[in-house]
Amino acid sequence: MGEKVDVLGVPVHPGTLSQARERVFSLLSEEKRGNAVFSINPEIVMAAKKDRSFAEILKKGSLNLPDGIGVVWASRLLGKQVPERIAGYDLVREILPECARRGYRVYLLGGKPGVAREAGRKIEREYPGLKVAGTSHGYFSGEETEKIREELRQAAPDVLLVGLGFPRQERFIAENAEALGIPVSLAVGGTIDGLAGRTRRAPVFLQRIGLEWLYRIIRMRRWDRFLSLSRFVVLVLLVKLKGGARSE
């Protein structure tokens, strides 16, 4: 992956999907623990601009994926080269077969009760040899967090997939992954639901033309996301008009 570029104050690593996959396995080969992979889209950028503590977490990401065509568009408009969108779901699909081949243990945390377990069973069937170290739903209270931590200590995964929605998933990784000795944790949003077959992605042709975000908004009726995206576009254009100055 290339050197980080700044998108409205949030760092993003430019590169391709295959390069992102190689970066994950490079992190797994290091002795360092607590490496975090975050997926950056316009909504997350806007949330970071409102919450400095969240922004600081994102700045410490070991690998920040440009997961959103809006992020790719913004980077190019501001004169920074991000070659393509890298969806978190696609990266997970890329690393799972190699995890199976190399014997890395994977833990799934997120989704409604039963969904992570279902996803774990499906990927074990799909990728023979894959070791699912454990699963847990994401509907745990603050009081139950220590129980989740203990389960993770016992499971000792190499790769942790955290699908708690932002900013909760990023905060969980920042607060726990290094302390628990987990080599690589990925904030994956709704990926666990997708692995379980509970949600469908946009048709391929919409993905190719960069309109998967619109499919999600319409299908999930999340009009607040459309508003956030609109604000992101306006802010990027304002920065461009001011000469591409960095916006903190």
# chains A, B, ... in the order shown; residues from 1 in each chain; ligands from 1
call {"tool": "select_by_dssp", "arguments": {"residues": "stretch 58-231 of chain A", "states": "strand (DSSP E or B)", "output": "ChimeraX atom specification"}}
result
/A:63-66,105-110,131-136,159-163,184-187
call {"tool": "write_last_selection", "arguments": {"atoms": "C-alpha atoms", "output": "PDB file, in the first residue's frame"}}
result
ATOM      1  CA  LEU A  63      -4.457   0.038   7.366  1.00  0.00           C
ATOM      2  CA  ASN A  64      -7.258   2.444   6.444  1.00  0.00           C
ATOM      3  CA  LEU A  65      -9.192   1.230   3.430  1.00  0.00           C
ATOM      4  CA  PRO A  66     -10.818   3.685   0.993  1.00  0.00           C
ATOM      5  CA  ARG A 105      -7.473 -18.536  13.629  1.00  0.00           C
ATOM      6  CA  VAL A 106     -10.429 -16.210  12.997  1.00  0.00           C
ATOM      7  CA  TYR A 107     -12.990 -14.881  15.486  1.00  0.00           C
ATOM      8  CA  LEU A 108     -16.296 -13.251  14.461  1.00  0.00           C
ATOM      9  CA  LEU A 109     -17.808 -10.611  16.748  1.00  0.00           C
ATOM     10  CA  GLY A 110     -20.995  -8.854  15.680  1.00  0.00           C
ATOM     11  CA  LYS A 131     -10.195 -22.362  11.906  1.00  0.00           C
ATOM     12  CA  VAL A 132     -13.011 -20.296  13.428  1.00  0.00           C
ATOM     13  CA  ALA A 133     -11.742 -19.738  16.959  1.00  0.00           C
ATOM     14  CA  GLY A 134     -15.094 -18.479  18.204  1.00  0.00           C
ATOM     15  CA  THR A 135     -18.099 -16.269  17.572  1.00  0.00           C
ATOM     16  CA  SER A 136     -20.202 -13.823  19.542  1.00  0.00           C
ATOM     17  CA  VAL A 159      -7.678 -12.294  13.077  1.00  0.00           C
ATOM     18  CA  LEU A 160     -10.660 -10.630  14.720  1.00  0.00           C
ATOM     19  CA  LEU A 161     -13.602  -9.461  12.604  1.00  0.00           C
ATOM     20  CA  VAL A 162     -15.587  -6.820  14.499  1.00  0.00           C
ATOM     21  CA  GLY A 163     -18.988  -5.890  13.095  1.00  0.00           C
ATOM     22  CA  VAL A 184      -4.937  -8.026  13.455  1.00  0.00           C
ATOM     23  CA  SER A 185      -8.480  -6.743  13.973  1.00  0.00           C
ATOM     24  CA  LEU A 186     -10.734  -5.561  11.172  1.00  0.00           C
ATOM     25  CA  ALA A 187     -13.721  -3.230  11.619  1.00  0.00           C
TER      26      ALA A 187
END
call {"tool": "residues_around", "arguments": {"residues": "stretch 73-82 of chain A", "least_positions_apart": "4", "cutoff": "7 Å", "atoms": "only C-alpha atoms", "output": "NGL selection string"}}
result
:A and (5 or 7 or 14-15 or 69 or 236 or 240 or 244)
call {"tool": "residues_around", "arguments": {"residues": "stretch 190-195 of chain A", "least_positions_apart": "2", "cutoff": "6 Å", "atoms": "only C-alpha atoms", "output": "PyMOL selection string"}}
result
chain A and resi 89+119+163+188+197-199
call {"tool": "write_last_selection", "arguments": {"atoms": "N, CA and C atoms", "output": "CSV table (one decimal), in the first residue's frame"}}
result
chain,number,residue,atom,x,y,z
A,89,TYR,N,-15.8,-5.8,2.9
A,89,TYR,CA,-16.3,-7.1,2.6
A,89,TYR,C,-15.4,-7.9,1.7
A,119,ALA,N,-22.5,-17.4,10.4
A,119,ALA,CA,-21.5,-17.0,9.5
A,119,ALA,C,-20.2,-17.9,9.6
A,163,GLY,N,-17.9,-6.5,13.8
A,163,GLY,CA,-19.0,-5.9,13.1
A,163,GLY,C,-20.0,-5.3,14.1
A,188,VAL,N,-15.5,-4.3,10.4
A,188,VAL,CA,-16.1,-4.8,9.2
A,188,VAL,C,-17.6,-4.5,9.0
A,197,GLY,N,-25.2,-14.8,5.0
A,197,GLY,CA,-26.2,-14.8,4.0
A,197,GLY,C,-27.5,-14.0,4.4
A,198,ARG,N,-27.3,-13.1,5.4
A,198,ARG,CA,-28.5,-12.4,5.9
A,198,ARG,C,-28.7,-11.1,5.1
A,199,THR,N,-27.7,-10.6,4.4
A,199,THR,CA,-27.9,-9.4,3.6
A,199,THR,C,-27.2,-9.7,2.2
call {"tool": "select_by_dssp", "arguments": {"residues": "stretch 20-237 of chain A", "states": "alpha helix (DSSP H)", "output": "PyMOL selection string"}}
result
chain A and resi 20-28+42-50+52-59+69-77+88-102+115-126+145-155+168-176+191-195+204-208+212-220+223-237
call {"tool": "residues_around", "arguments": {"residues": "stretch 172-177 of chain A", "least_positions_apart": "5", "cutoff": "7 Å", "atoms": "only C-alpha atoms", "output": "list of chain:residue names"}}
result
A:Gly34, A:Ile57, A:Ile182, A:Ser185
call {"tool": "decode", "arguments": {"residues": "stretch 180-202 of chain A", "atoms": "N, CA and C atoms", "output": "PDB file, in the first residue's frame"}}
result
ATOM      1  N   LEU A 180      -5.441  -7.528  24.484  1.00  0.00           N
ATOM      2  CA  LEU A 180      -5.782  -8.943  24.382  1.00  0.00           C
ATOM      3  C   LEU A 180      -4.780  -9.724  23.538  1.00  0.00           C
ATOM      4  N   GLY A 181      -3.805  -9.020  22.973  1.00  0.00           N
ATOM      5  CA  GLY A 181      -2.771  -9.698  22.201  1.00  0.00           C
ATOM      6  C   GLY A 181      -3.217 -10.191  20.844  1.00  0.00           C
ATOM      7  N   ILE A 182      -4.222  -9.537  20.252  1.00  0.00           N
ATOM      8  CA  ILE A 182      -4.735  -9.959  18.947  1.00  0.00           C
ATOM      9  C   ILE A 182      -3.902  -9.301  17.856  1.00  0.00           C
ATOM     10  N   PRO A 183      -3.301 -10.073  16.961  1.00  0.00           N
ATOM     11  CA  PRO A 183      -2.422  -9.498  15.941  1.00  0.00           C
ATOM     12  C   PRO A 183      -3.117  -8.500  15.014  1.00  0.00           C
ATOM     13  N   VAL A 184      -4.250  -8.906  14.410  1.00  0.00           N
ATOM     14  CA  VAL A 184      -4.937  -8.026  13.455  1.00  0.00           C
ATOM     15  C   VAL A 184      -6.436  -8.058  13.695  1.00  0.00           C
ATOM     16  N   SER A 185      -7.029  -6.871  13.827  1.00  0.00           N
ATOM     17  CA  SER A 185      -8.480  -6.743  13.973  1.00  0.00           C
ATOM     18  C   SER A 185      -9.012  -5.882  12.844  1.00  0.00           C
ATOM     19  N   LEU A 186     -10.121  -6.307  12.265  1.00  0.00           N
ATOM     20  CA  LEU A 186     -10.734  -5.561  11.172  1.00  0.00           C
ATOM     21  C   LEU A 186     -12.115  -5.078  11.591  1.00  0.00           C
ATOM     22  N   ALA A 187     -12.384  -3.784  11.414  1.00  0.00           N
ATOM     23  CA  ALA A 187     -13.721  -3.230  11.619  1.00  0.00           C
ATOM     24  C   ALA A 187     -14.501  -3.476  10.332  1.00  0.00           C
ATOM     25  N   VAL A 188     -15.524  -4.336  10.397  1.00  0.00           N
ATOM     26  CA  VAL A 188     -16.121  -4.838   9.154  1.00  0.00           C
ATOM     27  C   VAL A 188     -17.596  -4.486   8.967  1.00  0.00           C
ATOM     28  N   GLY A 189     -18.182  -3.676   9.849  1.00  0.00           N
ATOM     29  CA  GLY A 189     -19.565  -3.254   9.642  1.00  0.00           C
ATOM     30  C   GLY A 189     -20.515  -4.421   9.496  1.00  0.00           C
ATOM     31  N   GLY A 190     -21.249  -4.450   8.383  1.00  0.00           N
ATOM     32  CA  GLY A 190     -22.239  -5.501   8.157  1.00  0.00           C
ATOM     33  C   GLY A 190     -21.706  -6.745   7.478  1.00  0.00           C
ATOM     34  N   THR A 191     -20.393  -6.893   7.411  1.00  0.00           N
ATOM     35  CA  THR A 191     -19.795  -8.034   6.707  1.00  0.00           C
ATOM     36  C   THR A 191     -20.217  -9.376   7.300  1.00  0.00           C
ATOM     37  N   ILE A 192     -20.337  -9.444   8.623  1.00  0.00           N
ATOM     38  CA  ILE A 192     -20.706 -10.718   9.248  1.00  0.00           C
ATOM     39  C   ILE A 192     -22.102 -11.138   8.818  1.00  0.00           C
ATOM     40  N   ASP A 193     -23.022 -10.176   8.700  1.00  0.00           N
ATOM     41  CA  ASP A 193     -24.358 -10.482   8.180  1.00  0.00           C
ATOM     42  C   ASP A 193     -24.257 -11.001   6.756  1.00  0.00           C
ATOM     43  N   GLY A 194     -23.363 -10.395   5.974  1.00  0.00           N
ATOM     44  CA  GLY A 194     -23.179 -10.849   4.593  1.00  0.00           C
ATOM     45  C   GLY A 194     -22.612 -12.255   4.521  1.00  0.00           C
ATOM     46  N   LEU A 195     -21.647 -12.568   5.379  1.00  0.00           N
ATOM     47  CA  LEU A 195     -21.065 -13.913   5.399  1.00  0.00           C
ATOM     48  C   LEU A 195     -22.101 -14.964   5.799  1.00  0.00           C
ATOM     49  N   ALA A 196     -23.054 -14.535   6.632  1.00  0.00           N
ATOM     50  CA  ALA A 196     -24.112 -15.459   7.069  1.00  0.00           C
ATOM     51  C   ALA A 196     -25.225 -15.577   6.047  1.00  0.00           C
ATOM     52  N   GLY A 197     -25.173 -14.754   4.999  1.00  0.00           N
ATOM     53  CA  GLY A 197     -26.227 -14.782   3.988  1.00  0.00           C
ATOM     54  C   GLY A 197     -27.471 -14.014   4.395  1.00  0.00           C
ATOM     55  N   ARG A 198     -27.339 -13.145   5.401  1.00  0.00           N
ATOM     56  CA  ARG A 198     -28.493 -12.383   5.883  1.00  0.00           C
ATOM     57  C   ARG A 198     -28.736 -11.116   5.071  1.00  0.00           C
ATOM     58  N   THR A 199     -27.714 -10.596   4.416  1.00  0.00           N
ATOM     59  CA  THR A 199     -27.861  -9.398   3.598  1.00  0.00           C
ATOM     60  C   THR A 199     -27.247  -9.651   2.232  1.00  0.00           C
ATOM     61  N   ARG A 200     -27.728  -8.878   1.272  1.00  0.00           N
ATOM     62  CA  ARG A 200     -27.204  -8.989  -0.087  1.00  0.00           C
ATOM     63  C   ARG A 200     -26.524  -7.692  -0.489  1.00  0.00           C
ATOM     64  N   ARG A 201     -25.443  -7.828  -1.235  1.00  0.00           N
ATOM     65  CA  ARG A 201     -24.775  -6.649  -1.772  1.00  0.00           C
ATOM     66  C   ARG A 201     -25.516  -6.161  -2.999  1.00  0.00           C
ATOM     67  N   ALA A 202     -25.162  -4.969  -3.422  1.00  0.00           N
ATOM     68  CA  ALA A 202     -25.758  -4.414  -4.640  1.00  0.00           C
ATOM     69  C   ALA A 202     -25.361  -5.276  -5.831  1.00  0.00           C
TER      70      ALA A 202
END
